[in-house]
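What follows is the content of input-v8.cif, which has mmCIF, C-alpha atoms:
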```
data_data
#
loop_
_atom_site.label_atom_id
_atom_site.label_comp_id
_atom_site.auth_asym_id
_atom_site.auth_seq_id
_atom_site.Cartn_x
_atom_site.Cartn_y
_atom_site.Cartn_z
CA MET A 1 -16.29 -21.75 -100.49
CA HIS A 2 -14.57 -23.04 -97.39
CA ARG A 3 -13.43 -26.25 -99.09
CA ALA A 4 -12.26 -24.33 -102.15
CA SER A 5 -10.09 -22.04 -99.99
CA THR A 6 -8.53 -25.05 -98.31
CA LEU A 7 -7.69 -26.62 -101.69
CA LEU A 8 -6.25 -23.31 -102.89
CA LEU A 9 -4.03 -23.13 -99.82
CA LEU A 10 -2.60 -26.57 -100.56
CA VAL A 11 -1.94 -25.62 -104.21
CA VAL A 12 -0.12 -22.47 -103.07
CA LEU A 13 2.00 -24.57 -100.74
CA LEU A 14 2.78 -26.95 -103.60
CA LEU A 15 3.77 -24.30 -106.12
CA GLY A 16 5.19 -21.66 -103.83
CA GLY A 17 7.32 -24.07 -101.83
CA GLY A 18 8.82 -25.67 -104.88
CA CYS A 19 7.75 -29.09 -103.61
CA ARG A 20 10.61 -29.02 -101.12
CA SER A 21 8.76 -29.69 -97.90
CA LEU A 22 5.26 -31.15 -98.17
CA SER A 23 3.96 -33.60 -95.55
CA ARG A 24 4.48 -37.30 -96.22
CA GLU A 25 0.76 -37.96 -96.55
CA LEU A 26 0.22 -35.20 -99.11
CA ASN A 27 3.56 -35.86 -100.79
CA ASP A 28 2.78 -39.55 -101.33
CA SER A 29 -0.46 -38.68 -103.06
CA LEU A 30 1.35 -36.60 -105.74
CA PRO A 31 2.70 -37.89 -109.05
CA GLU A 32 6.21 -39.28 -108.80
CA PHE A 33 7.90 -36.31 -110.46
CA LEU A 34 6.34 -33.87 -107.95
CA ARG A 35 7.23 -35.75 -104.76
CA SER A 36 9.75 -34.39 -102.25
CA LYS A 37 10.70 -34.71 -98.60
CA PRO A 38 8.33 -32.99 -96.14
CA GLY A 39 9.46 -30.11 -94.00
CA ALA A 40 8.51 -29.13 -90.43
CA ASP A 41 6.44 -26.09 -91.35
CA GLU A 42 4.34 -27.90 -93.92
CA MET A 43 3.90 -30.89 -91.59
CA LYS A 44 2.58 -28.58 -88.89
CA LEU A 45 0.21 -26.85 -91.29
CA LEU A 46 -1.14 -30.11 -92.67
CA ALA A 47 -1.70 -31.41 -89.14
CA GLU A 48 -3.78 -28.35 -88.40
CA LEU A 49 -5.74 -28.85 -91.59
CA LYS A 50 -6.35 -32.52 -90.81
CA LYS A 51 -7.49 -31.64 -87.32
CA GLY A 52 -10.41 -29.95 -88.99
CA GLU A 53 -11.91 -26.52 -88.66
CA ASP A 54 -15.48 -25.63 -87.85
CA PRO A 55 -17.77 -27.06 -90.53
CA ALA A 56 -19.21 -24.76 -93.13
CA PRO A 57 -22.52 -23.20 -92.01
CA GLU A 58 -24.58 -25.18 -94.53
CA ASP A 59 -22.78 -28.42 -93.53
CA SER A 60 -23.36 -27.73 -89.84
CA GLU A 61 -27.04 -27.07 -90.47
CA GLN A 62 -27.38 -30.39 -92.29
CA GLN A 63 -25.74 -32.24 -89.41
CA ASN A 64 -27.98 -30.53 -86.87
CA ALA A 65 -31.10 -31.35 -88.87
CA ALA A 66 -30.07 -34.99 -89.37
CA PHE A 67 -29.27 -35.40 -85.70
CA GLU A 68 -32.60 -33.91 -84.63
CA GLU A 69 -34.40 -36.29 -86.99
CA ILE A 70 -32.60 -39.24 -85.40
CA ARG A 71 -33.67 -38.03 -81.97
CA ARG A 72 -37.26 -37.60 -83.10
CA VAL A 73 -37.47 -41.08 -84.64
CA ARG A 74 -35.88 -42.64 -81.58
CA ALA A 75 -38.35 -40.88 -79.28
CA ASN A 76 -41.13 -42.42 -81.35
CA LYS A 77 -39.52 -45.85 -80.78
CA ASP A 78 -39.14 -46.53 -84.48
CA TYR A 79 -35.84 -48.28 -83.84
CA GLU A 80 -35.41 -49.85 -87.26
CA GLU A 81 -35.57 -46.48 -89.01
CA CYS A 82 -33.46 -44.92 -86.26
CA ALA A 83 -30.67 -47.44 -86.85
CA GLU A 84 -30.80 -46.76 -90.60
CA LEU A 85 -30.66 -42.98 -90.12
CA ALA A 86 -27.76 -43.34 -87.70
CA ALA A 87 -25.85 -45.50 -90.20
CA ASP A 88 -26.40 -42.87 -92.91
CA PHE A 89 -25.27 -40.13 -90.54
CA THR A 90 -21.95 -41.80 -89.66
CA ALA A 91 -21.35 -42.48 -93.36
CA ASP A 92 -21.89 -38.81 -94.26
CA TRP A 93 -20.09 -37.31 -91.24
CA PRO A 94 -17.70 -39.98 -89.88
CA SER A 95 -15.94 -37.47 -87.64
CA GLY A 96 -18.77 -35.07 -86.96
CA ARG A 97 -19.44 -33.59 -83.57
CA TYR A 98 -22.41 -35.95 -83.05
CA ASP A 99 -20.48 -39.05 -84.07
CA GLU A 100 -20.14 -40.60 -80.61
CA GLU A 101 -23.78 -40.07 -79.71
CA VAL A 102 -25.06 -41.30 -83.06
CA ARG A 103 -22.99 -44.48 -82.97
CA MET A 104 -24.33 -45.26 -79.52
CA VAL A 105 -27.89 -44.63 -80.70
CA ARG A 106 -27.38 -46.99 -83.64
CA ALA A 107 -26.04 -49.82 -81.45
CA ASP A 108 -28.86 -49.37 -78.95
CA SER A 109 -31.53 -49.13 -81.66
CA LEU A 110 -30.35 -52.37 -83.28
CA TYR A 111 -30.63 -54.07 -79.90
CA ARG A 112 -34.12 -52.73 -79.29
CA ASP A 113 -35.13 -53.69 -82.83
CA ASP A 114 -34.14 -57.29 -82.02
CA ASP A 115 -31.17 -57.31 -84.40
CA TRP A 116 -28.75 -58.46 -81.73
CA SER A 117 -26.02 -59.77 -83.98
CA GLU A 118 -25.66 -56.38 -85.69
CA SER A 119 -26.01 -54.62 -82.35
CA PHE A 120 -23.01 -56.54 -81.02
CA VAL A 121 -20.99 -55.50 -84.08
CA ALA A 122 -22.08 -51.88 -83.62
CA TRP A 123 -21.16 -51.85 -79.93
CA ARG A 124 -17.72 -53.28 -80.68
CA GLU A 125 -17.14 -50.60 -83.30
CA TYR A 126 -18.35 -47.97 -80.85
CA PHE A 127 -15.98 -49.08 -78.09
CA ASP A 128 -13.07 -49.41 -80.52
CA ARG A 129 -13.62 -45.75 -81.39
CA TYR A 130 -14.57 -44.50 -77.91
CA PRO A 131 -13.00 -46.76 -75.26
CA VAL A 132 -13.69 -44.13 -72.60
CA SER A 133 -17.30 -43.09 -72.86
CA SER A 134 -20.19 -41.82 -70.79
CA HIS A 135 -22.25 -44.60 -72.39
CA ALA A 136 -19.94 -47.39 -71.23
CA ASN A 137 -22.34 -48.68 -68.59
CA THR A 138 -25.22 -48.76 -71.06
CA GLY A 139 -23.11 -50.73 -73.50
CA MET A 140 -21.84 -53.18 -70.90
CA GLU A 141 -25.33 -53.85 -69.58
CA THR A 142 -26.66 -54.41 -73.10
CA LEU A 143 -23.84 -56.81 -73.96
CA TYR A 144 -24.39 -58.71 -70.73
CA CYS A 145 -28.13 -59.06 -71.35
CA MET A 146 -27.54 -60.33 -74.88
CA GLY A 147 -24.85 -62.76 -73.77
CA LEU A 148 -27.04 -64.06 -70.95
CA GLU A 149 -30.01 -64.73 -73.21
CA TYR A 150 -27.86 -66.46 -75.80
CA ILE A 151 -25.74 -68.64 -73.52
CA GLU A 152 -28.68 -69.84 -71.46
CA GLY A 153 -30.45 -70.96 -74.62
CA ARG A 154 -33.34 -68.52 -74.42
CA ARG A 155 -32.33 -66.90 -77.69
CA SER A 156 -32.39 -68.79 -80.99
CA ALA A 157 -32.31 -68.14 -84.70
CA PHE A 158 -34.08 -69.63 -87.71
CA PHE A 159 -37.49 -70.00 -86.01
CA GLY A 160 -35.95 -71.34 -82.81
CA VAL A 161 -34.35 -74.37 -84.44
CA PHE A 162 -30.69 -73.49 -84.00
CA SER A 163 -29.27 -72.29 -80.70
CA ARG A 164 -27.05 -69.22 -80.54
CA VAL A 165 -25.07 -70.29 -77.48
CA GLY A 166 -21.79 -69.74 -79.34
CA LYS A 167 -22.74 -66.12 -79.97
CA GLY A 168 -23.46 -65.68 -76.27
CA GLU A 169 -20.06 -67.06 -75.37
CA GLU A 170 -18.44 -64.68 -77.86
CA ILE A 171 -20.27 -61.65 -76.46
CA LEU A 172 -19.52 -62.50 -72.83
CA ARG A 173 -15.87 -63.19 -73.61
CA TYR A 174 -15.62 -59.81 -75.30
CA LEU A 175 -17.23 -58.14 -72.29
CA VAL A 176 -14.81 -59.80 -69.84
CA GLU A 177 -11.71 -59.07 -71.89
CA THR A 178 -12.64 -55.49 -72.84
CA PHE A 179 -13.99 -54.35 -69.47
CA PRO A 180 -12.31 -56.50 -66.78
CA GLY A 181 -12.99 -53.77 -64.24
CA GLY A 182 -16.59 -53.23 -65.31
CA ALA A 183 -19.60 -53.88 -63.14
CA ARG A 184 -20.64 -56.90 -65.21
CA ALA A 185 -17.22 -58.52 -65.74
CA ALA A 186 -17.44 -61.02 -62.87
CA ASP A 187 -21.08 -61.82 -63.71
CA ALA A 188 -20.11 -62.52 -67.32
CA GLN A 189 -17.20 -64.72 -66.22
CA TRP A 190 -19.58 -66.66 -63.96
CA LEU A 191 -21.85 -67.37 -66.92
CA LEU A 192 -18.88 -68.59 -68.98
CA ALA A 193 -17.77 -70.89 -66.17
CA ARG A 194 -21.28 -72.23 -65.59
CA TYR A 195 -21.68 -72.90 -69.31
CA ALA A 196 -18.48 -75.00 -69.39
CA LEU A 197 -19.75 -76.84 -66.30
CA GLN A 198 -23.11 -77.61 -67.90
CA GLU A 199 -21.29 -78.96 -70.95
CA ASP A 200 -19.34 -81.37 -68.69
CA ASN A 201 -16.13 -79.77 -69.90
CA TRP A 202 -14.49 -80.23 -66.51
CA GLU A 203 -11.00 -78.98 -67.27
CA ALA A 204 -12.22 -75.85 -69.05
CA ALA A 205 -14.78 -75.16 -66.32
CA ALA A 206 -12.15 -75.53 -63.60
CA LEU A 207 -9.99 -72.93 -65.34
CA GLU A 208 -12.94 -70.56 -65.81
CA PHE A 209 -13.93 -70.80 -62.13
CA GLN A 210 -10.33 -70.43 -61.00
CA LEU A 211 -9.93 -67.31 -63.14
CA LEU A 212 -13.07 -65.84 -61.59
CA ALA A 213 -11.91 -66.55 -58.03
CA GLU A 214 -8.46 -65.08 -58.62
CA ARG A 215 -9.28 -62.10 -60.82
CA TRP A 216 -12.39 -60.91 -58.99
CA PRO A 217 -11.81 -62.02 -55.37
CA GLU A 218 -14.36 -59.54 -54.02
CA SER A 219 -17.20 -60.64 -56.29
CA ALA A 220 -20.34 -62.36 -55.06
CA TRP A 221 -19.19 -65.47 -56.92
CA GLN A 222 -15.87 -65.86 -55.08
CA SER A 223 -16.85 -68.65 -52.70
CA ALA A 224 -18.82 -70.62 -55.28
CA SER A 225 -15.97 -70.28 -57.75
CA LEU A 226 -13.46 -71.71 -55.30
CA TYR A 227 -15.74 -74.67 -54.64
CA TYR A 228 -16.60 -75.39 -58.26
CA ALA A 229 -13.00 -75.06 -59.47
CA ALA A 230 -12.09 -77.88 -57.07
CA TRP A 231 -15.25 -79.85 -57.84
CA CYS A 232 -14.61 -79.78 -61.61
CA ARG A 233 -11.09 -81.09 -61.12
CA TYR A 234 -12.51 -83.80 -58.91
CA ARG A 235 -15.02 -84.76 -61.62
CA ALA A 236 -12.21 -84.98 -64.18
CA ILE A 237 -10.45 -87.72 -62.18
CA LYS A 238 -10.69 -90.97 -64.15
CA GLY A 239 -9.75 -93.37 -61.37
CA ALA A 240 -7.29 -94.22 -58.65
CA ALA A 241 -4.73 -95.51 -61.14
CA TYR A 242 -4.71 -92.21 -63.03
CA ASP A 243 -4.43 -88.47 -62.57
CA PRO A 244 -2.43 -88.06 -59.32
CA ARG A 245 -1.88 -84.42 -60.28
CA LEU A 246 -5.62 -83.82 -60.73
CA MET A 247 -6.33 -85.50 -57.41
CA ARG A 248 -3.84 -83.27 -55.65
CA MET A 249 -5.15 -80.11 -57.34
CA ALA A 250 -8.76 -81.02 -56.50
CA ARG A 251 -7.93 -81.75 -52.86
CA GLU A 252 -5.93 -78.52 -52.51
CA GLY A 253 -8.80 -76.62 -54.14
CA PHE A 254 -11.33 -77.90 -51.62
CA GLU A 255 -8.91 -77.16 -48.78
CA ARG A 256 -8.51 -73.62 -50.07
CA TYR A 257 -12.27 -73.23 -50.19
CA LEU A 258 -12.57 -74.41 -46.58
CA GLU A 259 -9.79 -72.05 -45.47
CA THR A 260 -10.61 -68.87 -47.35
CA ALA A 261 -14.18 -68.80 -48.72
CA ARG A 262 -16.37 -66.12 -47.20
CA HIS A 263 -19.50 -68.23 -47.56
CA GLN A 264 -19.19 -71.94 -46.94
CA GLY A 265 -22.56 -73.37 -47.83
CA TRP A 266 -20.83 -76.44 -49.22
CA ALA A 267 -18.45 -77.02 -46.32
CA GLY A 268 -19.89 -80.45 -45.54
CA GLU A 269 -19.64 -81.57 -49.15
CA ALA A 270 -16.13 -80.17 -49.41
CA LYS A 271 -14.89 -82.04 -46.33
CA ALA A 272 -16.47 -85.30 -47.53
CA THR A 273 -14.89 -84.88 -50.95
CA VAL A 274 -11.46 -84.16 -49.42
CA ASP A 275 -11.74 -87.45 -47.54
CA GLU A 276 -12.79 -89.23 -50.72
CA ILE A 277 -9.88 -87.77 -52.68
CA ALA A 278 -7.50 -88.79 -49.88
CA GLU A 279 -8.76 -92.36 -50.30
CA LEU A 280 -8.18 -92.13 -54.04
CA GLU A 281 -4.66 -90.76 -53.56
CA ALA A 282 -3.89 -93.57 -51.12
CA GLU A 283 -5.35 -96.13 -53.49
CA HIS A 284 -3.12 -94.75 -56.24
CA LEU A 285 -0.01 -95.32 -54.11
CA LEU A 286 -1.18 -98.85 -53.30
CA THR A 287 -1.74 -99.55 -56.99
CA VAL A 288 1.84 -98.56 -57.77
CA ALA A 289 3.18 -100.72 -54.94
CA GLU A 290 1.17 -103.74 -56.08
CA TRP A 291 2.43 -103.27 -59.62
CA TYR A 292 6.02 -103.47 -58.37
CA LEU A 293 5.15 -106.62 -56.47
CA ASP A 294 3.78 -108.14 -59.69
CA GLN A 295 7.06 -107.24 -61.39
CA GLY A 296 9.10 -109.00 -58.73
CA GLU A 297 10.47 -105.77 -57.26
CA PRO A 298 9.76 -106.08 -53.52
CA TRP A 299 12.19 -103.31 -52.54
CA ALA A 300 10.50 -100.75 -54.84
CA ALA A 301 7.10 -101.92 -53.61
CA ARG A 302 8.25 -101.53 -50.01
CA TRP A 303 9.23 -97.89 -50.68
CA TRP A 304 5.69 -97.03 -51.83
CA LEU A 305 4.02 -99.01 -49.07
CA MET A 306 6.10 -97.25 -46.42
CA LYS A 307 5.22 -93.88 -47.93
CA LEU A 308 1.56 -94.82 -47.83
CA ASP A 309 1.82 -96.05 -44.24
CA MET A 310 3.48 -92.82 -43.11
CA THR A 311 1.20 -90.35 -44.92
CA GLN A 312 -2.25 -91.97 -45.15
CA ALA A 313 -2.31 -94.84 -42.67
CA SER A 314 -5.96 -94.18 -41.71
CA THR A 315 -7.28 -94.84 -45.21
CA ALA A 316 -8.40 -98.25 -46.43
CA ALA A 317 -5.38 -98.40 -48.72
CA GLY A 318 -3.12 -97.38 -45.82
CA LYS A 319 -4.38 -100.27 -43.72
CA ARG A 320 -3.81 -102.64 -46.64
CA ALA A 321 -0.26 -101.30 -46.98
CA LYS A 322 0.46 -102.03 -43.33
CA GLU A 323 -0.59 -105.64 -43.86
CA LEU A 324 1.50 -106.02 -47.00
CA LEU A 325 4.59 -104.61 -45.29
CA LYS A 326 4.44 -107.47 -42.78
CA THR A 327 4.77 -110.00 -45.61
CA LEU A 328 7.76 -108.40 -47.31
CA PRO A 329 11.38 -109.22 -46.45
CA MET A 330 13.33 -106.61 -44.57
CA PRO A 331 15.57 -104.32 -46.61
CA PRO A 332 18.99 -105.77 -47.48
CA ALA A 333 22.03 -104.87 -45.44
CA GLU A 334 23.73 -101.57 -46.13
CA GLY A 335 25.72 -101.73 -49.33
CA ASN A 336 23.29 -104.02 -51.11
CA ALA A 337 20.38 -103.02 -53.36
CA ALA A 338 18.14 -100.50 -51.65
CA ALA A 339 14.46 -99.81 -52.12
CA THR A 340 13.84 -97.64 -55.09
CA ALA A 341 11.04 -95.40 -56.21
CA PRO A 342 9.43 -95.77 -59.63
CA GLY A 343 11.49 -94.17 -62.34
CA SER A 344 14.79 -94.54 -60.48
CA THR A 345 17.57 -96.78 -61.78
CA LYS A 346 19.27 -99.63 -59.97
#
```

Once more with this new file: its structure as structure tokens, please.
Amino acid sequence: MHRASTLLLLVVLLLGGGCRSLSRELNDSLPEFLRSKPGADEMKLLAELKKGEDPAPEDSEQQNAAFEEIRRVRANKDYEECAELAADFTADWPSGRYDEEVRMVRADSLYRDDDWSESFVAWREYFDRYPVSSHANTGMETLYCMGLEYIEGRRSAFFGVFSRVGKGEEILRYLVETFPGGARAADAQWLLARYALQEDNWEAAALEFQLLAERWPESAWQSASLYYAAWCRYRAIKGAAYDPRLMRMAREGFERYLETARHQGWAGEAKATVDEIAELEAEHLLTVAEWYLDQGEPWAARWWLMKLDMTQASTAAGKRAKELLKTLPMPPAEGNAAATAPGSTK
């Protein structure tokens, strides 16, 4: 009866208004010859209709009964059936008053029934629909637990043959990006960074750790993230002849750790690595100078050797530079060719 009265009201609007001012949504659904431009009054009325009135008594009773059945089945821990009932409920009443609760119950039941892939899909749909929810913490904790099990290799598919690490990375990335201020965001980012580290993906791991240190500076992982961001850049260095930028970034990263980290359990290792990187940086300068000597460019070589002597004289390469400088001719008189740095023109 209620639905019939609503339909009758729309027909009256159509005929009585002469099709002069129906809403765009209703108007577009009409045959071409009946369409017209919507008016303010009809738009307002249609908006009220779309907002929805109280459900018909028999419809409300059906919803109540279906919801109580879902609660009963869930209390009995029959999670497979509970997830099926919840899916049927949202299909029958997609905007019902129990919609938020039922969608949460479905996502949680799928998780408890060990159908984690579908649970992840259900939680994403839930948070797309209800980004602000009283069940947010439950959802975040569930997503974190699933991501943790997957990414650490404790969760597999197909009788344990194939790992689901990629699924764990996807879940944790979603958690970090959707709830950056959530209680599990920093923990999830730590797992992502550690995973890249375990895969020997040094550049990616350095970026993951750096993001963690900068975005969540108050987290329990702040000090470790500072250290590992520098350490991963150090591990990516290929040799003294390469990667001067990486060497500088790694050294500066360890120095930042020593200056700002709240917990410095790796202070000794950090200081030793800074010294090692300084040796590599000095060796890089010496390599460039020796290359210029091989090319018959003593003035360019002298420029690099002097730089090395002034900045890193205490290193092994710095001591070698001092010896080489003694063998080189003095710079030409003013007005003649001057020492040049690599890349400059004569």

**Request:** Can you give me, as number ranges by chain, the residues this file yields under the PyMOL selection byres ((chain A and resi 127) around 12)?
**Result:** A: 100, 103-104, 107, 120-126, 128-140, 143, 174-175, 178-179

**Request:** Could you please determine the separation between atom CA of A:Gly253 and atom CA of A:Ala230 in Å, to one decimal place?
**Result:**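 Here the two named atoms are 4.6 Å from each other.
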
**Message:** One decimal, in Å: what's the spacing between atom CA of A:Leu308 and atom CA of A:Trp202?
**Reply:**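 It comes out at 28.6 Å.
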
**Request:** Find the spatial neighbours of stretch 284-297 of chain A, counting all atoms listed in the file, within a cut-off of 8 Å - ignore same-chain residues fewer than 5 positions away - and output them as a PyMOL selection string.
**Result:** chain A and resi 240-242+244+302-305+308+317-318+321

**Message:** Quick check, in Å to one decimal: how far apart do atom CA of A:Leu148 and atom CA of A:Ala75 lie?
**Reply:** 27.1 Å

**Fill in**
The residue from A:Arg320, A:Arg72, A:Arg262, A:Arg256 with the smallest atom-to-atom distance to A:Glu279, counting all atoms listed in the file, is A:Arg320

**All residues 12 Å or closer to A:Gln264, all atoms listed in the file, same chain fewer than 2 positions away omitted, as a ChimeraX atom specification** = /A:221-227,254-262,266-271

List every protein, DNA or RNA residue that has at least one atom no more than 6 Å from (-17.4, -72.9, -60.7) in the file's coordinates, counting only C-alpha atoms, and write the result as a PDB file with C-alpha atoms, in the coordinates of the input.
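Final output, selection17.pdb:
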```pdb
ATOM      1  CA  ALA A 193     -17.770 -70.890 -66.170  1.00  0.00           C
ATOM      2  CA  PHE A 209     -13.930 -70.800 -62.130  1.00  0.00           C
ATOM      3  CA  SER A 225     -15.970 -70.280 -57.750  1.00  0.00           C
ATOM      4  CA  TYR A 228     -16.600 -75.390 -58.260  1.00  0.00           C
ATOM      5  CA  ALA A 229     -13.000 -75.060 -59.470  1.00  0.00           C
TER       6      ALA A 229
END
```

**Prompt:** Which is closer to A:Ala91 than all the others in A:Ala206, A:Ala272, A:Ala316, A:Gln63, using all atoms listed in the file?
**Reply:**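 With all atoms listed in the file as the atom set, the closest residue is A:Gln63.
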
**Contacts of A:Met247 at 7 Å (only C-alpha atoms; same-chain gap of 4+ positions) as a list in words** =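 Near A:Met247, the qualifying residues are Tyr234, Ile237, Asp243, Arg251, Ile277 and Glu281 of chain A.
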
Write the residues of the preceding selection, restricted to C-alpha atoms, as an mmCIF file, in the frame of the given file.
```cif
data_model
loop_
_atom_site.group_PDB
_atom_site.id
_atom_site.type_symbol
_atom_site.label_atom_id
_atom_site.label_comp_id
_atom_site.auth_asym_id
_atom_site.auth_seq_id
_atom_site.Cartn_x
_atom_site.Cartn_y
_atom_site.Cartn_z
ATOM 1 C CA TYR A 234 -12.510 -83.800 -58.910
ATOM 2 C CA ILE A 237 -10.450 -87.720 -62.180
ATOM 3 C CA ASP A 243 -4.430 -88.470 -62.570
ATOM 4 C CA ARG A 251 -7.930 -81.750 -52.860
ATOM 5 C CA ILE A 277 -9.880 -87.770 -52.680
ATOM 6 C CA GLU A 281 -4.660 -90.760 -53.560
#
```

**Request:** Using only C-alpha atoms, find the one residue out of A:Glu177, A:Asp99, A:Glu169, A:Glu80 that sits nearest to A:Arg112.
**Result:**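 The answer is A:Glu80, which sits nearest to A:Arg112.
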
**Prompt:** Using all atoms listed in the file, which of the listed residues (A:Glu203, A:Glu218, A:Glu141, A:Glu170) sits closest to A:Trp231?
**Reply:** A:Glu203

**Request:** List the residues selected by the PyMOL selection byres ((chain A and resi 195) around 12) in the file shown, writing them as number ranges by chain.
**Result:** A: 147-148, 150-153, 165-166, 168-169, 172, 188-194, 196-202, 204-206, 208-209
